[in-house]
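Visitor: One structure is given below, represented as structure tokens, and several questions about it will come after.
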There are 2 protein chains.
Amino acid sequence: MSEEFLGYRGEALQLLKQAKAEIGDIVRIVKDGETYEGILIPRSEYGDEKHVVIKLKNGYNIGIRITPDTNIEKIGTAAKPTFVAPPLPKQRHDLPKVTIVSTGGTIASRVDYRTGGVRPALSASDLYSVVPELAEIAVIDTQILFTLFSEDMTTKHWSETAQNVAKHIEKGVEGVVIAHGTDTMGYTAAALSFALQELPVPVILVGSQRSADRPSSDAATNLTAAVAAAARAPFAEVTLAMHETVSDKSIVFHRGTKVRKCHTSRRDAFRSVNTTPLAKMENNQIVMLTEEYRRKDHARKMILKPNFDDKVTLIKFYASLNPEIIDFYVDKGYKGMILEGTGLGHISSYCLPSISRAIKEGLIVTMTSQCIWGRIGMDVYYRGRDLLAIGVIPLEDMLAETALVKLMWAFGQTSNVEEAKNLLTTNIAHEISPRTLS
Amino acid sequence: MSEEFLGYRGEALQLLKQAKAEIGDIVRIVKDGETYEGILIPRSEYGDEKHVVIKLKNGYNIGIRITPDTNIEKIGTAAKPTFVAPPLPKQRHDLPKVTIVSTGGTIASRVDYRTGGVRPALSASDLYSVVPELAEIAVIDTQILFTLFSEDMTTKHWSETAQNVAKHIEKGVEGVVIAHGTDTMGYTAAALSFALQELPVPVILVGSQRSADRPSSDAATNLTAAVAAAARAPFAEVTLAMHETVSDKSIVFHRGTKVRKCHTSRRDAFRSVNTTPLAKMENNQIVMLTEEYRRKDHARKMILKPNFDDKVTLIKFYASLNPEIIDFYVDKGYKGMILEGTGLGHISSYCLPSISRAIKEGLIVTMTSQCIWGRIGMDVYYRGRDLLAIGVIPLEDMLAETALVKLMWAFGQTSNVEEAKNLLTTNIAHEISPRTLS
């Protein structure tokens, strides 16, 4: 996504400068009697100084090692993107107002045809040109907040996003859509669920597994459903909109605290864990899947709690884990630790002294399960009881990722350990399912 | 499971000694005018010195704080366990020979009615009394190898188990069943899949989610299927036998490298990921679910490679992860690191310098996905390409836990980094599925 970063250095850069060839230009490289022609594309940040990479006509990229007798010549500029934005559709000002805030990710990107890279594209005109039916649903305002791969989102970005969304809501929009990379979209959804309380209108995160200009893209269907839900859904919660199955027929709205990316590439990668999604959209209708939800109400006074503290960690336990990692985090002054234990909430006996020390030194240590599905039950086996006895807090059926985000948020609200514990174990945004649903 | 560990210390222990009350005895405790009667039960290792815990007649446990005027009196011994082993069934010596090796866990345990705790019970007579139909299937030899909660299993236990199983196989048994706690049964199954190569006969790990003497137990069905498969299955691979669904009708045999505990408590907690199970048992028939498997063949020469090196770790990435944890493991002299990244195999840009340093210092750093399902694809986005460029090894669709175990095993075979890399990326026991199945 970072076009400004071209990645060429040293010899390779020098040769390109001599040829006055820039990223996207067509170049001819002659070396050892062989001739290569293609579009000059950016290099990886960690590439060496010796290679130039071009995209051949057949679509493959090739890296050519520079030698003293290598010759590079610019022979043209690449064809312009085949895509040209059509004129903006006539806006119907009687429609609901929806803001789309972009943080980056595949859904907010278009493949750059010159280089094969992707770049952010979220102006209203870009959107309407890719998904013209949006003009029938809402009057859309767009904002590019970040242009990040979502794996680069941090607590600071969550805070900024929450504050930004709150501003849009205060201006009276019907709903806010957040375009987001799918990789950590579940984490951000949980963060906003805690940061944006008593929402008057819906906040819908939406992503896609393929960028909008690829034929197989899920971007248009997901975005259309997200905008429609922002415009007219009856709920006022933080949700995440993605495909229900691999078919385009239905989009589900997962609650922000209960959702997890469970497949690397499928359209229906996201799943609600230990609960059903909040709602779904099918045949252009929004269907609620539960009776218990917060209704949309513009008169409700939103409570913004945007602070997070990242001095909190998550440790996934595994057979043979050395407890030195627990000591490390205690010594580093961390305030809390989410354990992703095995089964009902267990961790090896040889970790107990370190956990006990962590708790004695004031850390909040909690238990979640790497099983993902099901509920913590630490009263069943001796090990669980021992862990409870030293003060480990069982987190019911909360997702490990949600627990981590919540503890970061809790320490963003208070530095008092008991107050943070209370926040952590109080059900704020449906992060704990009733026992009967497990 | 550790009955020898009673947990009483200090004042509480002194008072119990005066009363000559032992674990399992019925005691009367008088304090502040109140009288409590119940069975004295063990204390947690991390309990204080002030409380005595008894099981009341209504089944609840209560902790009573000792004060200077507290009086404890032994008023009886608890009723014997209601369960008495019936005489051993007549063994049919024409049946196949199967060895059951117990490592601990729920399946190898019985609730001790005196104390509510569980204890290992895996003599042949105990087994036949709980599951008499086993006598119709095989001549069973039993061995208690460990009595561990499976979260306490380490690389050393994997080595011992592999060596032990190999000995039984060399003696000519038809198959070996390993009773194991479910928490880390997937890790052990992967470990044995790499340690026991070219198996002539099946090795079946089996667990249960409820102990055999509880009405809802899945122990008998799982164990019966495991013994039947050990006795007569056509395959000779390391598998894990558990319920296919919540019904008792079918038991599936998951391949040891592709299986994961995905629910804290359900009978069908284990799932084959990115592939189907190897076989299933229904109506007392073993049905193969794939054509490609290693056939049973007593003449095949087993290869035992039981060594593991635990200087290898797994780091689950999360939004805002501080890369200092990567530096910590490099500084500690670790040899390898499994990253559990997001999506197709990503990790934040601010972790890249630490990862790059780790690789430069000779660590093997690999990528798996916290999505669990799907395949790593690091050529799609710049971040993935950057990670490849610095030398991170993508592990296809290998489970993170299996990748960890395999890297521990690889460094158990060789200290040469390139050789270990080759072992890691070579498909040894179906840990990598063909691309078409993802």
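In the structure tokens, chains take the letters A, B, ... in the order shown, each chain's residues start at 1, and ligands count up from 1 in the order shown.
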To test your reading of the structure, identify every residue in stretch 164-309 of chain A that backbone DSSP assigns to alpha helix (DSSP H), and report it as a PyMOL selection string.

Guide: chain A and resi 164-170+185-195+219-232

Visitor: Please save N, CA and C atoms of the selected residues as a compact mmCIF listing (two decimals), in the first residue's frame.

Guide:
# COMPACT_ATOMS: atom_id res chain seq x y z
N ASN A 164 -12.69 9.66 16.43
CA ASN A 164 -13.14 10.10 15.11
C ASN A 164 -14.60 9.69 14.84
N VAL A 165 -14.90 8.44 15.15
CA VAL A 165 -16.26 7.95 14.94
C VAL A 165 -17.24 8.75 15.81
N ALA A 166 -16.82 9.02 17.04
CA ALA A 166 -17.68 9.77 17.96
C ALA A 166 -18.03 11.14 17.38
N LYS A 167 -17.02 11.78 16.76
CA LYS A 167 -17.28 13.10 16.14
C LYS A 167 -18.34 13.01 15.04
N HIS A 168 -18.20 11.99 14.20
CA HIS A 168 -19.18 11.83 13.13
C HIS A 168 -20.58 11.59 13.70
N ILE A 169 -20.64 10.80 14.76
CA ILE A 169 -21.95 10.50 15.36
C ILE A 169 -22.55 11.77 15.95
N GLU A 170 -21.69 12.57 16.58
CA GLU A 170 -22.18 13.82 17.18
C GLU A 170 -22.75 14.77 16.12
N MET A 185 -9.21 -6.90 12.19
CA MET A 185 -10.51 -6.23 12.28
C MET A 185 -11.27 -6.69 13.53
N GLY A 186 -11.10 -7.95 13.94
CA GLY A 186 -11.75 -8.44 15.16
C GLY A 186 -11.24 -7.70 16.39
N TYR A 187 -9.95 -7.45 16.45
CA TYR A 187 -9.37 -6.72 17.59
C TYR A 187 -9.94 -5.29 17.65
N THR A 188 -9.98 -4.62 16.51
CA THR A 188 -10.49 -3.25 16.49
C THR A 188 -11.98 -3.21 16.83
N ALA A 189 -12.71 -4.21 16.33
CA ALA A 189 -14.14 -4.28 16.64
C ALA A 189 -14.36 -4.40 18.15
N ALA A 190 -13.53 -5.22 18.81
CA ALA A 190 -13.64 -5.35 20.26
C ALA A 190 -13.28 -4.03 20.93
N ALA A 191 -12.21 -3.40 20.45
CA ALA A 191 -11.76 -2.13 21.05
C ALA A 191 -12.85 -1.07 20.98
N LEU A 192 -13.50 -0.95 19.82
CA LEU A 192 -14.55 0.07 19.67
C LEU A 192 -15.79 -0.29 20.49
N SER A 193 -16.02 -1.60 20.69
CA SER A 193 -17.16 -2.02 21.50
C SER A 193 -17.05 -1.51 22.93
N PHE A 194 -15.81 -1.45 23.43
CA PHE A 194 -15.61 -0.94 24.79
C PHE A 194 -15.48 0.58 24.81
N ALA A 195 -14.91 1.14 23.76
CA ALA A 195 -14.62 2.58 23.74
C ALA A 195 -15.86 3.42 23.44
N ALA A 219 -15.84 -7.15 -1.87
CA ALA A 219 -15.87 -5.78 -1.32
C ALA A 219 -17.22 -5.11 -1.55
N ALA A 220 -17.76 -5.22 -2.77
CA ALA A 220 -18.99 -4.50 -3.08
C ALA A 220 -20.17 -5.01 -2.25
N THR A 221 -20.30 -6.33 -2.15
CA THR A 221 -21.42 -6.88 -1.37
C THR A 221 -21.29 -6.52 0.10
N ASN A 222 -20.09 -6.65 0.64
CA ASN A 222 -19.90 -6.34 2.06
C ASN A 222 -20.15 -4.86 2.34
N LEU A 223 -19.60 -4.00 1.46
CA LEU A 223 -19.72 -2.57 1.67
C LEU A 223 -21.18 -2.12 1.52
N THR A 224 -21.86 -2.66 0.53
CA THR A 224 -23.27 -2.30 0.33
C THR A 224 -24.10 -2.67 1.56
N ALA A 225 -23.87 -3.87 2.07
CA ALA A 225 -24.62 -4.31 3.25
C ALA A 225 -24.27 -3.44 4.46
N ALA A 226 -22.99 -3.09 4.59
CA ALA A 226 -22.56 -2.28 5.73
C ALA A 226 -23.21 -0.90 5.68
N VAL A 227 -23.23 -0.30 4.48
CA VAL A 227 -23.83 1.04 4.33
C VAL A 227 -25.33 0.96 4.57
N ALA A 228 -25.96 -0.10 4.05
CA ALA A 228 -27.40 -0.26 4.26
C ALA A 228 -27.71 -0.41 5.75
N ALA A 229 -26.89 -1.19 6.46
CA ALA A 229 -27.13 -1.37 7.90
C ALA A 229 -26.88 -0.06 8.64
N ALA A 230 -25.84 0.68 8.24
CA ALA A 230 -25.58 1.97 8.88
C ALA A 230 -26.77 2.91 8.65
N ALA A 231 -27.37 2.83 7.48
CA ALA A 231 -28.46 3.73 7.13
C ALA A 231 -29.78 3.36 7.80
N ARG A 232 -30.05 2.06 7.93
CA ARG A 232 -31.41 1.72 8.35
C ARG A 232 -31.55 0.53 9.30

Visitor: Show me a table, sorted first by chain and then by increasing residue number, of the residues of chain B having an atom at most 8 Å from chain A, each with its shortest atom pair and the distance in Å to one decimal, counting only C-alpha atoms and written as JSON lines.

Guide:
{"residue": "B:Met1", "atom": "CA", "partner": "A:Tyr382", "partner_atom": "CA", "distance": 7.3}
{"residue": "B:Ser44", "atom": "CA", "partner": "A:Asp386", "partner_atom": "CA", "distance": 5.4}
{"residue": "B:Glu45", "atom": "CA", "partner": "A:Asp386", "partner_atom": "CA", "distance": 6.4}
{"residue": "B:Tyr46", "atom": "CA", "partner": "A:Ala389", "partner_atom": "CA", "distance": 6.0}
{"residue": "B:Gly47", "atom": "CA", "partner": "A:Ala389", "partner_atom": "CA", "distance": 6.2}
{"residue": "B:Gly117", "atom": "CA", "partner": "A:Tyr382", "partner_atom": "CA", "distance": 7.8}
{"residue": "B:Glu151", "atom": "CA", "partner": "A:Ser348", "partner_atom": "CA", "distance": 5.0}
{"residue": "B:Asp152", "atom": "CA", "partner": "A:Ser348", "partner_atom": "CA", "distance": 4.7}
{"residue": "B:Met153", "atom": "CA", "partner": "A:Ala319", "partner_atom": "CA", "distance": 6.0}
{"residue": "B:Thr154", "atom": "CA", "partner": "A:Ser320", "partner_atom": "CA", "distance": 4.5}
{"residue": "B:Thr155", "atom": "CA", "partner": "A:Ser320", "partner_atom": "CA", "distance": 6.3}
{"residue": "B:Thr182", "atom": "CA", "partner": "A:Gly343", "partner_atom": "CA", "distance": 7.4}
{"residue": "B:Asp183", "atom": "CA", "partner": "A:Gly343", "partner_atom": "CA", "distance": 5.0}
{"residue": "B:Thr184", "atom": "CA", "partner": "A:Ala319", "partner_atom": "CA", "distance": 6.6}
{"residue": "B:Tyr187", "atom": "CA", "partner": "A:Ala319", "partner_atom": "CA", "distance": 7.0}
{"residue": "B:Arg260", "atom": "CA", "partner": "A:Cys371", "partner_atom": "CA", "distance": 7.9}
{"residue": "B:Lys261", "atom": "CA", "partner": "A:Cys371", "partner_atom": "CA", "distance": 5.5}
{"residue": "B:Cys262", "atom": "CA", "partner": "A:Cys371", "partner_atom": "CA", "distance": 4.2}
{"residue": "B:His263", "atom": "CA", "partner": "A:Trp373", "partner_atom": "CA", "distance": 4.5}
{"residue": "B:Thr264", "atom": "CA", "partner": "A:Gly343", "partner_atom": "CA", "distance": 4.7}
{"residue": "B:Ser265", "atom": "CA", "partner": "A:Gly374", "partner_atom": "CA", "distance": 6.4}
{"residue": "B:Arg266", "atom": "CA", "partner": "A:Gly374", "partner_atom": "CA", "distance": 7.8}
{"residue": "B:Asp310", "atom": "CA", "partner": "A:Ser320", "partner_atom": "CA", "distance": 6.9}
{"residue": "B:Thr313", "atom": "CA", "partner": "A:Leu321", "partner_atom": "CA", "distance": 7.5}
{"residue": "B:Leu314", "atom": "CA", "partner": "A:Lys316", "partner_atom": "CA", "distance": 7.8}
{"residue": "B:Ile315", "atom": "CA", "partner": "A:Lys316", "partner_atom": "CA", "distance": 7.3}
{"residue": "B:Lys316", "atom": "CA", "partner": "A:Lys316", "partner_atom": "CA", "distance": 6.4}
{"residue": "B:Tyr318", "atom": "CA", "partner": "A:Glu401", "partner_atom": "CA", "distance": 7.7}
{"residue": "B:Ala319", "atom": "CA", "partner": "A:Thr154", "partner_atom": "CA", "distance": 5.5}
{"residue": "B:Ser320", "atom": "CA", "partner": "A:Thr154", "partner_atom": "CA", "distance": 4.5}
{"residue": "B:Leu321", "atom": "CA", "partner": "A:Thr313", "partner_atom": "CA", "distance": 7.5}
{"residue": "B:Thr342", "atom": "CA", "partner": "A:Asp183", "partner_atom": "CA", "distance": 5.3}
{"residue": "B:Gly343", "atom": "CA", "partner": "A:Thr264", "partner_atom": "CA", "distance": 4.7}
{"residue": "B:Leu344", "atom": "CA", "partner": "A:Thr264", "partner_atom": "CA", "distance": 5.0}
{"residue": "B:His346", "atom": "CA", "partner": "A:Glu151", "partner_atom": "CA", "distance": 6.7}
{"residue": "B:Ile347", "atom": "CA", "partner": "A:Glu151", "partner_atom": "CA", "distance": 5.8}
{"residue": "B:Ser348", "atom": "CA", "partner": "A:Asp152", "partner_atom": "CA", "distance": 4.7}
{"residue": "B:Ser349", "atom": "CA", "partner": "A:Asp152", "partner_atom": "CA", "distance": 6.3}
{"residue": "B:Tyr350", "atom": "CA", "partner": "A:Asp152", "partner_atom": "CA", "distance": 7.7}
{"residue": "B:Ser369", "atom": "CA", "partner": "A:Thr264", "partner_atom": "CA", "distance": 7.3}
{"residue": "B:Gln370", "atom": "CA", "partner": "A:Cys262", "partner_atom": "CA", "distance": 7.7}
{"residue": "B:Cys371", "atom": "CA", "partner": "A:Cys262", "partner_atom": "CA", "distance": 4.2}
{"residue": "B:Ile372", "atom": "CA", "partner": "A:Cys262", "partner_atom": "CA", "distance": 6.0}
{"residue": "B:Trp373", "atom": "CA", "partner": "A:His263", "partner_atom": "CA", "distance": 4.5}
{"residue": "B:Gly374", "atom": "CA", "partner": "A:Thr264", "partner_atom": "CA", "distance": 4.9}
{"residue": "B:Arg375", "atom": "CA", "partner": "A:Thr264", "partner_atom": "CA", "distance": 6.1}
{"residue": "B:Ile376", "atom": "CA", "partner": "A:Thr264", "partner_atom": "CA", "distance": 7.0}
{"residue": "B:Tyr382", "atom": "CA", "partner": "A:Ser44", "partner_atom": "CA", "distance": 7.1}
{"residue": "B:Arg385", "atom": "CA", "partner": "A:Ser44", "partner_atom": "CA", "distance": 6.8}
{"residue": "B:Asp386", "atom": "CA", "partner": "A:Ser44", "partner_atom": "CA", "distance": 5.4}
{"residue": "B:Ala389", "atom": "CA", "partner": "A:Tyr46", "partner_atom": "CA", "distance": 6.0}
{"residue": "B:Ile390", "atom": "CA", "partner": "A:Tyr46", "partner_atom": "CA", "distance": 6.0}
{"residue": "B:Glu401", "atom": "CA", "partner": "A:Tyr318", "partner_atom": "CA", "distance": 7.7}

Visitor: Could you write those residues out with C-alpha atoms, as a short mmCIF file (atom, residue, chain, number, x, y, z; two decimals), in the first residue's frame?

Guide:
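For reference, selection31.cif as written:
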data_model
loop_
_atom_site.label_atom_id
_atom_site.label_comp_id
_atom_site.auth_asym_id
_atom_site.auth_seq_id
_atom_site.Cartn_x
_atom_site.Cartn_y
_atom_site.Cartn_z
CA MET B 1 -5.07 -36.64 40.43
CA SER B 44 -5.04 -26.79 46.90
CA GLU B 45 -1.28 -26.50 46.79
CA TYR B 46 -1.73 -22.74 46.95
CA GLY B 47 -4.25 -22.71 49.77
CA GLY B 117 -10.90 -35.94 43.44
CA GLU B 151 -0.85 -29.71 30.44
CA ASP B 152 2.25 -30.96 32.30
CA MET B 153 3.49 -33.04 29.38
CA THR B 154 6.83 -31.78 28.03
CA THR B 155 9.28 -32.72 25.30
CA THR B 182 -7.25 -34.05 26.18
CA ASP B 183 -5.67 -30.65 26.91
CA THR B 184 -2.40 -31.27 25.07
CA TYR B 187 0.57 -31.70 20.76
CA ARG B 260 -6.72 -29.54 17.40
CA LYS B 261 -8.88 -29.27 20.50
CA CYS B 262 -11.47 -26.68 19.46
CA HIS B 263 -13.93 -26.78 22.35
CA THR B 264 -13.35 -26.71 26.09
CA SER B 265 -15.93 -29.33 27.02
CA ARG B 266 -17.86 -30.96 24.16
CA ASP B 310 12.65 -27.26 23.70
CA THR B 313 9.03 -21.05 21.07
CA LEU B 314 5.68 -19.96 19.70
CA ILE B 315 4.65 -16.31 19.72
CA LYS B 316 1.06 -15.41 19.05
CA TYR B 318 -1.65 -9.51 18.44
CA ALA B 319 -2.43 -5.89 17.55
CA SER B 320 0.08 -3.77 19.53
CA LEU B 321 2.46 -6.62 20.36
CA THR B 342 -2.69 -12.75 11.33
CA GLY B 343 -4.52 -13.64 8.13
CA LEU B 344 -2.39 -14.99 5.31
CA HIS B 346 1.34 -11.15 8.62
CA ILE B 347 2.87 -9.36 11.56
CA SER B 348 3.26 -5.65 12.23
CA SER B 349 5.94 -3.54 10.54
CA TYR B 350 7.37 -2.54 13.93
CA SER B 369 -1.79 -18.25 11.07
CA GLN B 370 -3.93 -17.59 14.12
CA CYS B 371 -6.91 -17.98 11.79
CA ILE B 372 -6.29 -21.75 12.23
CA TRP B 373 -8.13 -22.66 9.00
CA GLY B 374 -6.72 -21.93 5.57
CA ARG B 375 -3.26 -21.57 4.16
CA ILE B 376 -0.40 -19.11 4.53
CA TYR B 382 3.79 -6.26 0.53
CA ARG B 385 6.73 -10.31 0.67
CA ASP B 386 8.84 -8.28 3.08
CA ALA B 389 12.54 -11.32 1.87
CA ILE B 390 14.06 -11.27 5.35
CA GLU B 401 0.96 -26.20 17.41
#

Visitor: Write out as a compact mmCIF listing (two decimals) with C-alpha atoms, in the first residue's frame all residues of stretch 65-293 of chain B that DSSP puts in strand (DSSP E) for this structure's backbone.

Guide:
# COMPACT_ATOMS: atom_id res chain seq x y z
CA ARG B 65 -11.39 -20.87 58.70
CA ASN B 71 -12.75 -27.86 67.39
CA ILE B 72 -12.26 -30.76 64.96
CA GLU B 73 -13.34 -34.30 65.72
CA LYS B 74 -13.10 -37.41 63.61
CA ILE B 75 -16.50 -39.11 63.67
CA GLY B 76 -16.03 -41.81 61.04
CA THR B 77 -14.40 -42.93 57.86
CA LYS B 97 -2.85 -58.21 21.37
CA VAL B 98 -3.18 -54.51 22.18
CA THR B 99 -1.23 -52.51 24.71
CA ILE B 100 -2.84 -49.56 26.46
CA VAL B 101 -0.27 -47.09 27.77
CA SER B 102 -1.63 -44.53 30.19
CA THR B 103 -0.11 -41.08 30.56
CA GLY B 104 -2.87 -39.71 32.79
CA SER B 109 -8.93 -41.61 36.00
CA ARG B 110 -11.84 -42.39 38.26
CA VAL B 111 -13.50 -39.95 40.57
CA VAL B 118 -9.78 -38.12 40.58
CA ARG B 119 -7.12 -40.83 40.61
CA PRO B 120 -5.46 -42.87 37.89
CA VAL B 139 -6.16 -59.28 24.75
CA ILE B 140 -5.11 -56.18 26.59
CA ASP B 141 -1.93 -55.40 28.35
CA THR B 142 -1.83 -52.18 30.34
CA GLN B 143 0.94 -49.92 31.53
CA ILE B 144 0.82 -46.76 33.59
CA LEU B 145 3.63 -44.69 32.10
CA PHE B 146 2.75 -41.35 33.73
CA THR B 147 -0.09 -40.02 35.83
CA LEU B 148 -0.09 -36.47 34.57
CA GLY B 175 -1.50 -51.79 17.94
CA VAL B 176 -0.87 -49.42 20.82
CA VAL B 177 -3.45 -47.21 22.52
CA ILE B 178 -2.27 -44.20 24.52
CA ALA B 179 -4.70 -42.88 27.11
CA LEU B 196 7.53 -42.79 15.18
CA GLN B 197 8.15 -43.06 11.47
CA VAL B 203 -0.78 -45.92 17.43
CA ILE B 204 -4.03 -44.42 18.73
CA LEU B 205 -4.21 -41.63 21.28
CA VAL B 206 -7.49 -41.50 23.13
CA VAL B 238 -0.49 -42.02 14.64
CA THR B 239 -4.10 -40.97 15.13
CA LEU B 240 -6.30 -39.48 17.81
CA ALA B 241 -9.68 -41.10 18.54
CA MET B 242 -12.57 -38.97 19.80
CA HIS B 243 -16.28 -38.42 19.16
CA SER B 250 -19.34 -42.44 15.57
CA ILE B 251 -15.73 -42.05 16.64
CA VAL B 252 -13.25 -40.43 14.25
CA PHE B 253 -9.54 -41.05 13.93
CA HIS B 254 -7.80 -37.75 13.29
CA ARG B 255 -4.28 -37.67 11.91
CA VAL B 259 -5.87 -32.22 14.87
CA ARG B 260 -6.72 -29.54 17.40
CA LYS B 261 -8.88 -29.27 20.50
CA PHE B 270 -11.30 -32.30 18.45
CA ARG B 271 -11.33 -31.28 14.80
CA SER B 272 -9.18 -32.14 11.81
CA ALA B 279 -11.03 -42.87 9.33
CA LYS B 280 -14.15 -43.29 11.40
CA MET B 281 -15.81 -46.06 13.36
CA GLU B 282 -19.56 -46.47 13.06
CA GLN B 285 -17.01 -50.88 11.38
CA ILE B 286 -13.85 -48.94 10.58
CA VAL B 287 -14.33 -46.84 7.44
CA MET B 288 -11.34 -45.19 5.77

Visitor: Between A:Ala162, A:Arg210, A:Ile303, A:Glu396, which has the minimum distance to A:Asp379 (counting only C-alpha atoms)?

Guide: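 Closest to A:Asp379, using only C-alpha atoms: A:Glu396.
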
Visitor: To one decimal place in Å, what is the distance between atom CA of A:Pro234 and atom CA of A:Pro200?

Guide: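 Going from atom CA of A:Pro234 over to atom CA of A:Pro200, I get 10.4 Å.
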
Visitor: Calculate how many Å separate atom CA of B:Ile64 from atom CA of B:Gly38, rounding to one decimal.

Guide: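 Between atom CA of B:Ile64 and atom CA of B:Gly38 the gap is 11.4 Å.
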
Visitor: Would you mind reading off the distance between atom CA of B:Ile23 and atom CA of B:Thr67, one decimal, in Å?

Guide: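 Atom-to-atom, atom CA of B:Ile23 to atom CA of B:Thr67, that is 20.5 Å.
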
Visitor: Near A:Ala12, counting only C-alpha atoms, which residues have an atom at most 7 Å away, once you skip same-chain residues fewer than 5 positions from it, shown as an NGL selection string?

Guide: :A and (49-52 or 66)
